[in-house]
>>> print(open('protein04.tsv').read())   # TSV, C-alpha atoms and all ligand atoms
chain	number	residue	atom	x	y	z
A	482	MET	CA	0.00	0.00	0.00
A	483	ARG	CA	1.26	3.46	-0.91
A	484	ILE	CA	-0.03	6.23	1.31
A	485	GLY	CA	-0.05	9.89	0.27
A	486	PHE	CA	-0.55	13.14	2.17
A	487	VAL	CA	-1.61	16.45	0.67
A	488	GLY	CA	-0.67	18.99	3.34
A	489	THR	CA	2.42	18.14	5.38
A	490	GLY	CA	1.71	19.90	8.66
A	491	ALA	CA	1.37	18.94	12.31
A	492	ILE	CA	-1.21	16.18	11.96
A	493	THR	CA	0.48	14.64	8.91
A	494	GLU	CA	3.76	14.56	10.80
A	495	ALA	CA	2.00	12.73	13.64
A	496	MET	CA	0.32	10.22	11.30
A	497	VAL	CA	3.46	9.55	9.26
A	498	THR	CA	5.49	9.04	12.45
A	499	GLY	CA	2.91	6.56	13.71
A	500	ILE	CA	2.57	4.73	10.39
A	501	ALA	CA	6.33	4.46	9.86
A	502	GLY	CA	6.77	2.70	13.20
A	503	SER	CA	3.67	0.49	12.84
A	504	GLY	CA	3.31	-2.99	11.47
A	505	LEU	CA	1.25	-1.73	8.53
A	506	ASP	CA	2.27	-3.08	5.14
A	507	VAL	CA	3.21	0.27	3.58
A	508	THR	CA	5.67	0.33	0.70
A	509	GLU	CA	5.91	4.09	0.39
A	510	ILE	CA	4.65	7.25	2.09
A	511	VAL	CA	4.52	10.21	-0.28
A	512	VAL	CA	4.13	13.69	1.18
A	513	SER	CA	3.48	17.01	-0.49
A	514	PRO	CA	6.36	19.51	-0.45
A	515	ARG	CA	4.58	21.95	1.89
A	516	ASN	CA	5.51	22.44	4.67
A	517	ALA	CA	9.10	22.11	3.38
A	518	ALA	CA	10.74	21.79	6.79
A	519	ILE	CA	8.33	19.08	8.02
A	520	ALA	CA	8.54	17.18	4.74
A	521	ALA	CA	12.35	17.25	4.89
A	522	ARG	CA	12.31	16.14	8.53
A	523	LEU	CA	10.04	13.18	7.75
A	524	ALA	CA	12.11	12.15	4.72
A	525	SER	CA	15.30	12.23	6.76
A	526	ARG	CA	13.77	10.29	9.67
A	527	PHE	CA	12.01	7.58	7.70
A	528	GLN	CA	13.32	5.66	4.68
A	529	SER	CA	9.82	4.98	3.39
A	530	VAL	CA	9.00	8.71	3.06
A	531	ARG	CA	9.43	10.51	-0.25
A	532	ILE	CA	8.66	14.16	-0.98
A	533	ALA	CA	6.59	14.60	-4.13
A	534	LYS	CA	7.24	17.49	-6.49
A	535	ASP	CA	3.66	18.74	-6.10
A	536	ASN	CA	0.22	17.83	-4.77
A	537	GLN	CA	-0.87	16.11	-8.00
A	538	GLU	CA	2.05	13.69	-7.80
A	539	VAL	CA	0.87	12.71	-4.33
A	540	VAL	CA	-2.64	12.01	-5.66
A	541	ASP	CA	-1.29	10.05	-8.62
A	542	THR	CA	0.95	7.87	-6.44
A	543	ALA	CA	-1.33	7.15	-3.50
A	544	ASP	CA	-3.50	4.08	-3.09
A	545	VAL	CA	-4.82	5.72	0.06
A	546	LEU	CA	-4.74	9.50	-0.04
A	547	PHE	CA	-5.01	11.72	3.03
A	548	LEU	CA	-6.18	15.31	2.64
A	549	ALA	CA	-4.67	17.30	5.52
A	550	VAL	CA	-4.72	20.98	4.64
A	551	ARG	CA	-6.41	23.69	6.69
A	552	PRO	CA	-10.13	24.23	6.07
A	553	GLN	CA	-9.58	27.80	4.82
A	554	ILE	CA	-7.64	26.64	1.74
A	555	ALA	CA	-9.21	23.22	1.27
A	556	GLU	CA	-11.49	24.14	-1.63
A	557	GLU	CA	-8.75	25.84	-3.61
A	558	VAL	CA	-6.30	22.95	-3.08
A	559	ILE	CA	-8.77	20.11	-3.74
A	560	ARG	CA	-10.46	21.62	-6.81
A	561	ASP	CA	-7.03	21.91	-8.41
A	562	LEU	CA	-6.41	18.14	-8.21
A	563	ALA	CA	-7.45	15.28	-10.51
A	564	PHE	CA	-8.53	12.17	-8.59
A	565	ARG	CA	-9.07	8.62	-9.87
A	566	GLU	CA	-12.47	6.98	-9.91
A	567	GLY	CA	-12.75	4.66	-6.88
A	568	GLN	CA	-9.62	6.12	-5.25
A	569	ARG	CA	-9.54	5.79	-1.47
A	570	VAL	CA	-9.48	9.30	-0.05
A	571	VAL	CA	-9.45	10.19	3.65
A	572	SER	CA	-10.16	13.77	4.67
A	573	VAL	CA	-8.96	14.84	8.10
A	574	ILE	CA	-9.95	18.44	7.37
A	575	ALA	CA	-12.04	19.85	10.19
A	576	ALA	CA	-15.45	21.46	9.72
A	577	THR	CA	-15.72	20.46	6.06
A	578	ASP	CA	-18.55	18.06	5.36
A	579	ARG	CA	-18.79	15.16	2.99
A	580	PRO	CA	-21.07	16.64	0.28
A	581	MET	CA	-18.80	19.70	0.07
A	582	LEU	CA	-15.66	17.56	-0.22
A	583	LEU	CA	-17.23	15.36	-2.90
A	584	THR	CA	-18.23	18.41	-4.93
A	585	TRP	CA	-14.68	19.78	-4.81
A	586	ILE	CA	-13.17	16.36	-5.61
A	587	GLY	CA	-15.49	16.05	-8.61
A	588	GLU	CA	-14.85	12.29	-9.05
A	589	ASP	CA	-16.54	9.16	-7.73
A	590	VAL	CA	-13.98	8.38	-5.01
A	591	GLN	CA	-14.33	6.26	-1.86
A	592	LEU	CA	-14.36	9.12	0.64
A	593	THR	CA	-13.89	8.65	4.37
A	594	GLN	CA	-13.56	11.35	7.02
A	595	ALA	CA	-11.45	10.96	10.14
A	596	ILE	CA	-10.39	12.91	13.22
A	597	PRO	CA	-6.87	11.79	14.10
A	598	LEU	CA	-5.38	13.26	17.26
A	599	PRO	CA	-1.71	14.05	17.87
A	600	PHE	CA	-1.25	10.84	19.91
A	601	VAL	CA	-1.33	8.82	16.66
A	602	ALA	CA	2.41	9.61	16.52
A	603	ASP	CA	2.88	7.24	19.50
A	604	ARG	CA	0.19	4.88	18.19
A	605	GLN	CA	-1.99	5.85	21.17
A	606	GLY	CA	-4.58	7.89	19.31
A	607	VAL	CA	-8.29	7.22	19.16
A	608	THR	CA	-9.64	8.21	15.75
A	609	ALA	CA	-13.27	8.75	14.75
A	610	VAL	CA	-13.95	7.44	11.23
A	611	TYR	CA	-17.04	8.17	9.11
A	612	PRO	CA	-18.62	6.39	7.32
A	613	PRO	CA	-17.45	2.95	8.49
A	614	ASN	CA	-14.64	1.62	6.31
A	615	ALA	CA	-12.73	-1.50	7.40
A	616	GLU	CA	-9.54	-0.67	5.52
A	617	ILE	CA	-9.27	2.90	6.78
A	618	ALA	CA	-10.22	1.78	10.30
A	619	SER	CA	-7.39	-0.79	10.20
A	620	ILE	CA	-4.90	2.02	9.48
A	621	PHE	CA	-6.12	3.98	12.49
A	622	ASP	CA	-6.28	0.81	14.62
A	623	ALA	CA	-2.55	0.50	13.96
A	624	LEU	CA	-2.17	4.07	15.29
A	625	GLY	CA	-4.13	3.39	18.48
A	626	SER	CA	-7.77	2.57	17.90
A	627	ALA	CA	-10.49	3.56	15.45
A	628	VAL	CA	-14.09	4.27	16.37
A	629	GLN	CA	-16.29	3.82	13.30
A	630	CYS	CA	-19.34	6.11	13.16
A	631	GLU	CA	-22.54	4.88	11.53
A	632	THR	CA	-24.01	8.36	11.17
A	633	ARG	CA	-22.89	11.92	10.62
A	634	ASP	CA	-24.47	12.79	13.98
A	635	GLU	CA	-22.24	10.28	15.77
A	636	TYR	CA	-19.19	11.64	13.98
A	637	ASP	CA	-20.07	15.22	14.90
A	638	LEU	CA	-20.53	14.24	18.54
A	639	LEU	CA	-17.03	12.72	18.66
A	640	ALA	CA	-15.67	15.87	17.03
A	641	VAL	CA	-17.24	17.77	19.95
A	642	ALA	CA	-15.70	15.33	22.45
A	643	SER	CA	-12.26	15.83	20.90
A	644	ALA	CA	-12.54	19.53	21.76
A	645	LEU	CA	-12.02	18.63	25.43
A	646	MET	CA	-8.24	18.32	25.06
A	647	GLY	CA	-7.53	21.94	25.89
A	648	THR	CA	-9.79	21.78	28.94
A	649	TYR	CA	-7.98	18.67	30.19
A	650	PHE	CA	-4.66	20.50	30.16
A	651	GLY	CA	-6.35	23.66	31.45
A	652	LEU	CA	-7.69	21.75	34.46
A	653	LEU	CA	-4.27	20.24	35.13
A	654	ASP	CA	-2.70	23.68	34.77
A	655	ARG	CA	-5.14	25.36	37.16
A	656	ALA	CA	-4.76	22.62	39.78
A	657	THR	CA	-0.97	22.72	39.43
A	658	GLY	CA	-1.05	26.53	39.72
A	659	TRP	CA	-3.12	26.29	42.89
A	660	LEU	CA	-0.58	23.92	44.49
A	661	VAL	CA	2.23	26.26	43.42
A	662	ASP	CA	0.41	29.25	44.95
A	663	LYS	CA	0.28	27.29	48.21
A	664	GLY	CA	4.05	26.90	48.13
A	665	MET	CA	4.77	23.65	46.29
A	666	ALA	CA	7.46	23.38	43.61
A	667	ARG	CA	5.82	23.43	40.16
A	668	GLU	CA	7.70	20.36	38.93
A	669	LYS	CA	6.63	18.27	41.91
A	670	ALA	CA	3.00	19.42	41.62
A	671	ARG	CA	2.96	18.66	37.92
A	672	ALA	CA	4.58	15.24	38.33
A	673	TYR	CA	2.00	14.31	40.96
A	674	LEU	CA	-1.07	15.52	39.06
A	675	GLY	CA	0.11	14.19	35.69
A	676	GLN	CA	0.49	10.69	37.14
A	677	LEU	CA	-2.79	10.95	39.09
A	678	PHE	CA	-4.70	11.81	35.89
A	679	THR	CA	-2.89	9.05	33.98
A	680	GLY	CA	-4.00	6.52	36.59
A	681	LEU	CA	-7.59	7.78	36.36
A	682	ALA	CA	-7.59	7.64	32.55
A	683	LEU	CA	-6.25	4.08	32.64
A	684	ALA	CA	-8.95	3.09	35.15
A	685	ALA	CA	-11.66	4.55	32.88
A	686	VAL	CA	-10.39	2.45	29.95
A	687	LYS	CA	-9.68	-0.73	31.95
A	688	GLU	CA	-13.03	-0.64	33.77
A	689	HIS	CA	-14.96	0.16	30.59
A	690	GLN	CA	-17.89	-1.98	31.64
A	691	THR	CA	-18.34	-0.11	34.91
A	692	PRO	CA	-20.55	2.99	34.55
A	693	LEU	CA	-18.53	6.18	35.06
A	694	GLU	CA	-20.96	7.30	37.74
A	695	THR	CA	-20.10	4.09	39.65
A	696	LEU	CA	-16.37	4.78	39.25
A	697	ARG	CA	-16.94	8.31	40.53
A	698	ARG	CA	-18.61	6.90	43.64
A	699	GLU	CA	-15.97	4.17	44.05
A	700	PHE	CA	-13.24	6.80	44.00
A	701	SER	CA	-15.15	9.01	46.47
A	702	THR	CA	-15.58	7.95	50.09
A	703	PRO	CA	-19.06	9.03	51.30
A	704	GLY	CA	-18.58	12.28	53.18
A	705	GLY	CA	-14.93	12.33	52.06
A	706	LEU	CA	-12.76	14.80	50.18
A	707	ASN	CA	-13.41	13.60	46.63
A	708	GLU	CA	-17.15	13.72	47.13
A	709	GLN	CA	-16.84	17.22	48.56
A	710	VAL	CA	-14.84	18.50	45.56
A	711	PHE	CA	-17.35	17.11	43.06
A	712	GLU	CA	-20.29	18.57	44.98
A	713	ASP	CA	-18.56	21.97	45.12
A	714	PHE	CA	-17.76	21.72	41.40
A	715	GLU	CA	-21.41	20.97	40.63
A	716	ARG	CA	-22.75	23.66	42.98
A	717	GLY	CA	-20.31	26.18	41.50
A	718	GLY	CA	-21.72	25.58	38.02
A	719	GLY	CA	-18.86	23.37	36.75
A	720	ASN	CA	-21.08	20.69	35.22
A	721	GLN	CA	-23.39	23.27	33.67
A	722	ALA	CA	-20.40	25.14	32.21
A	723	LEU	CA	-19.17	21.87	30.67
A	724	ALA	CA	-22.58	21.06	29.17
A	725	ASN	CA	-22.94	24.61	27.79
A	726	ALA	CA	-19.45	24.52	26.26
A	727	LEU	CA	-20.15	21.18	24.53
A	728	GLU	CA	-23.48	22.50	23.19
A	729	ARG	CA	-21.74	25.55	21.74
A	730	VAL	CA	-19.10	23.39	20.05
A	731	LEU	CA	-21.81	21.12	18.63
A	732	HIS	CA	-23.48	24.17	17.17
A	733	ARG	CA	-20.21	25.16	15.44
A	734	VAL	CA	-19.46	21.62	14.27
A	735	ARG	CA	-22.91	21.32	12.68
A	736	GLY	CA	-22.37	24.69	11.02
B	801	LIG	N1	-3.45	19.22	14.40
B	801	LIG	C1	-4.39	18.38	14.80
B	801	LIG	O1	-4.36	17.87	15.94
B	801	LIG	C2	-5.53	17.99	13.89
B	801	LIG	C3	-6.36	16.93	14.27
B	801	LIG	C4	-7.39	16.53	13.40
B	801	LIG	C5	-7.59	17.19	12.23
B	801	LIG	N2	-6.78	18.25	11.88
B	801	LIG	C6	-7.04	18.92	10.60
B	801	LIG	O2	-5.96	18.61	9.75
B	801	LIG	C7	-5.74	19.70	8.86
B	801	LIG	C8	-4.29	20.12	9.02
B	801	LIG	O3	-4.08	20.53	10.35
B	801	LIG	P1	-2.63	20.78	10.92
B	801	LIG	O4	-2.76	20.99	12.37
B	801	LIG	O5	-1.73	19.70	10.43
B	801	LIG	O6	-2.30	22.18	10.21
B	801	LIG	P2	-0.90	22.74	9.71
B	801	LIG	O7	0.17	22.30	10.66
B	801	LIG	O8	-1.08	24.16	9.41
B	801	LIG	O9	-0.67	21.92	8.37
B	801	LIG	C9	-1.24	22.26	7.15
B	801	LIG	C10	-0.13	22.25	6.13
B	801	LIG	O10	-0.67	22.49	4.84
B	801	LIG	C11	0.37	23.11	4.11
B	801	LIG	N3	-0.15	23.78	2.93
B	801	LIG	C12	-0.48	25.09	2.76
B	801	LIG	N4	-0.88	25.31	1.51
B	801	LIG	C13	-0.80	24.13	0.88
B	801	LIG	C14	-1.06	23.72	-0.45
B	801	LIG	N5	-1.53	24.57	-1.36
B	801	LIG	N6	-0.87	22.43	-0.76
B	801	LIG	C15	-0.41	21.53	0.15
B	801	LIG	N7	-0.13	21.86	1.41
B	801	LIG	C16	-0.32	23.15	1.77
B	801	LIG	C17	0.99	24.08	5.07
B	801	LIG	O11	2.29	24.37	4.63
B	801	LIG	P3	3.00	25.78	4.98
B	801	LIG	O12	3.41	25.65	6.42
B	801	LIG	O13	4.15	25.84	4.03
B	801	LIG	O14	1.97	26.85	4.77
B	801	LIG	C18	0.91	23.34	6.40
B	801	LIG	O15	2.13	22.73	6.73
B	801	LIG	C19	-6.71	20.81	9.26
B	801	LIG	O16	-7.82	20.78	8.41
B	801	LIG	C20	-7.12	20.42	10.67
B	801	LIG	O17	-8.42	20.84	10.94
B	801	LIG	C21	-5.75	18.65	12.69
>>> encode(input="protein04.tsv", output="structure tokens")
Amino acid sequence: MRIGFVGTGAITEAMVTGIAGSGLDVTEIVVSPRNAAIAARLASRFQSVRIAKDNQEVVDTADVLFLAVRPQIAEEVIRDLAFREGQRVVSVIAATDRPMLLTWIGEDVQLTQAIPLPFVADRQGVTAVYPPNAEIASIFDALGSAVQCETRDEYDLLAVASALMGTYFGLLDRATGWLVDKGMAREKARAYLGQLFTGLALAAVKEHQTPLETLRREFSTPGGLNEQVFEDFERGGGNQALANALERVLHRVRG
């Protein structure tokens, strides 16, 4: 399988890094020349990576073609390219829906959309894929795990969920900052909280059959400190703020 990328930016670098170290049967990874520095870095790091002379060469070479340019220039870039009938095309471009992409592509391709996250570089990324496609899902399974969406609504909801990354780090940052304000060394506070959150994330995955509400109770002694923090968070409007923020993102995602 030859894999191509039009748009060699941050997410392409993450995907190529993950693919190159995976067990996937990939004979060649062809990347577009922009961004020049990232393309050069990938070609020097991985033998299987070749820099194409232009975007069309990427399309012509790829059995599976990833479109990974920013939404603002997507139409201009895609309309300029000639695709093959039946070609497997994966768009990772945010906020650009399927009918629009198909119009710009102007050919009867097998189009899939996906939301890879930076962790695909370490093959720890969870990737939403729409519509279901076993071959594309197997690529993302090799980069962590794929979640195949049956409907556009499901896909949009996972796009909303993926917008929680900044809040995760924001929460860690605020809690670390609070400990620092109370006199603790930042490095120690960060090391403690980073590992605490890692343990919690692992528990959520490992105990996937246990309802999260049950886990919350199991990790909170009745009348204890954890219960008190969650009650204060709820009383202070934390849960409502979270729900409102997700609603507002859903509104944007649906356009
Ligand atoms: N980053 C993420 O975590 C993430 C996750 C999921 C989806 N996405 C989506 O993936 C897409 C790319 O995101 P990104 O974060 O990788 O952005 P990015 O780092 O800005 O990468 C986009 C790349 O496209 C290149 N480019 C500009 N004009 C081009 C052209 N005419 N032909 C080919 N390439 C061109 C840019 O090169 P220059 O630097 O030379 O301008 C840039 O390196 C976006 O649609 C984004 O929504 C990103």
>>> residues_near_ligand(input="protein04.tsv", ligand="ligand LIG 801 (chain B)", cutoff="9 Å", atoms="only C-alpha atoms and all ligand atoms", output="PyMOL selection string")
chain A and resi 486-495+513-520+535-536+548-555+557-559+572-577+595-600+608+643
>>> residues_around(input="protein04.tsv", residues="Gln528 in chain A", least_positions_apart="4", cutoff="10 Å", atoms="all atoms listed in the file", output="number ranges by chain")
A: 501, 509-510, 523-524
>>> write_last_selection(input="protein04.tsv", atoms="C-alpha atoms", output="compact mmCIF listing (two decimals), in the coordinates of the input")
# COMPACT_ATOMS: atom_id res chain seq x y z
CA ALA A 501 6.33 4.46 9.86
CA GLU A 509 5.91 4.09 0.39
CA ILE A 510 4.65 7.25 2.09
CA LEU A 523 10.04 13.18 7.75
CA ALA A 524 12.11 12.15 4.72
>>> residues_around(input="protein04.tsv", residues="Ala627 in chain A", least_positions_apart="5", cutoff="10 Å", atoms="all atoms listed in the file", output="PyMOL selection string")
chain A and resi 595-597+606-610+613+615+617-622
>>> write_last_selection(input="protein04.tsv", atoms="C-alpha atoms", output="CSV table (one decimal), keeping the file's coordinate frame")
chain,number,residue,atom,x,y,z
A,595,ALA,CA,-11.4,11.0,10.1
A,596,ILE,CA,-10.4,12.9,13.2
A,597,PRO,CA,-6.9,11.8,14.1
A,606,GLY,CA,-4.6,7.9,19.3
A,607,VAL,CA,-8.3,7.2,19.2
A,608,THR,CA,-9.6,8.2,15.8
A,609,ALA,CA,-13.3,8.8,14.8
A,610,VAL,CA,-14.0,7.4,11.2
A,613,PRO,CA,-17.4,3.0,8.5
A,615,ALA,CA,-12.7,-1.5,7.4
A,617,ILE,CA,-9.3,2.9,6.8
A,618,ALA,CA,-10.2,1.8,10.3
A,619,SER,CA,-7.4,-0.8,10.2
A,620,ILE,CA,-4.9,2.0,9.5
A,621,PHE,CA,-6.1,4.0,12.5
A,622,ASP,CA,-6.3,0.8,14.6
>>> closest_residue(input="protein04.tsv", among="A:Leu696, A:Val512, A:Ala682, A:Leu731", to="Ala640 in chain A", atoms="all atoms listed in the file")
A:Leu731
>>> closest_atom_pairs(input="protein04.tsv", of="range 623-729 of chain A", to="range 503-507 of chain A", cutoff="12 Å", atoms="all atoms listed in the file", output="CSV")
residue,atom,partner,partner_atom,distance
A:Ala623,CA,A:Ser503,CA,6.3
A:Leu624,CA,A:Ser503,CA,7.3
A:Gly625,CA,A:Ser503,CA,10.1
>>> atom_distance(input="protein04.tsv", atom1="CA of Ala533 in chain A", atom2="CA of Val545 in chain A")
15.1 Å
>>> residues_around(input="protein04.tsv", residues="Asp589 in chain A", least_positions_apart="6", cutoff="8 Å", atoms="only C-alpha atoms", output="ChimeraX atom specification")
/A:565-568,583
>>> atom_distance(input="protein04.tsv", atom1="CA of Leu727 in chain A", atom2="CA of Arg655 in chain A")
20.1 Å
>>> closest_residue(input="protein04.tsv", among="A:Gly717, A:Gly499, A:His689, A:Ile532", to="Val511 in chain A", atoms="only C-alpha atoms")
A:Ile532
>>> atom_distance(input="protein04.tsv", atom1="CA of Asp634 in chain A", atom2="CA of Asn725 in chain A")
18.2 Å
>>> closest_residue(input="protein04.tsv", among="A:Glu712, A:Asp561, A:Arg604, A:Ala656", to="Leu677 in chain A", atoms="only C-alpha atoms")
A:Ala656
>>> residues_around(input="protein04.tsv", residues="Cys630 in chain A", least_positions_apart="2", cutoff="6 Å", atoms="all atoms listed in the file", output="ChimeraX atom specification")
/A:610-613,632,635-636
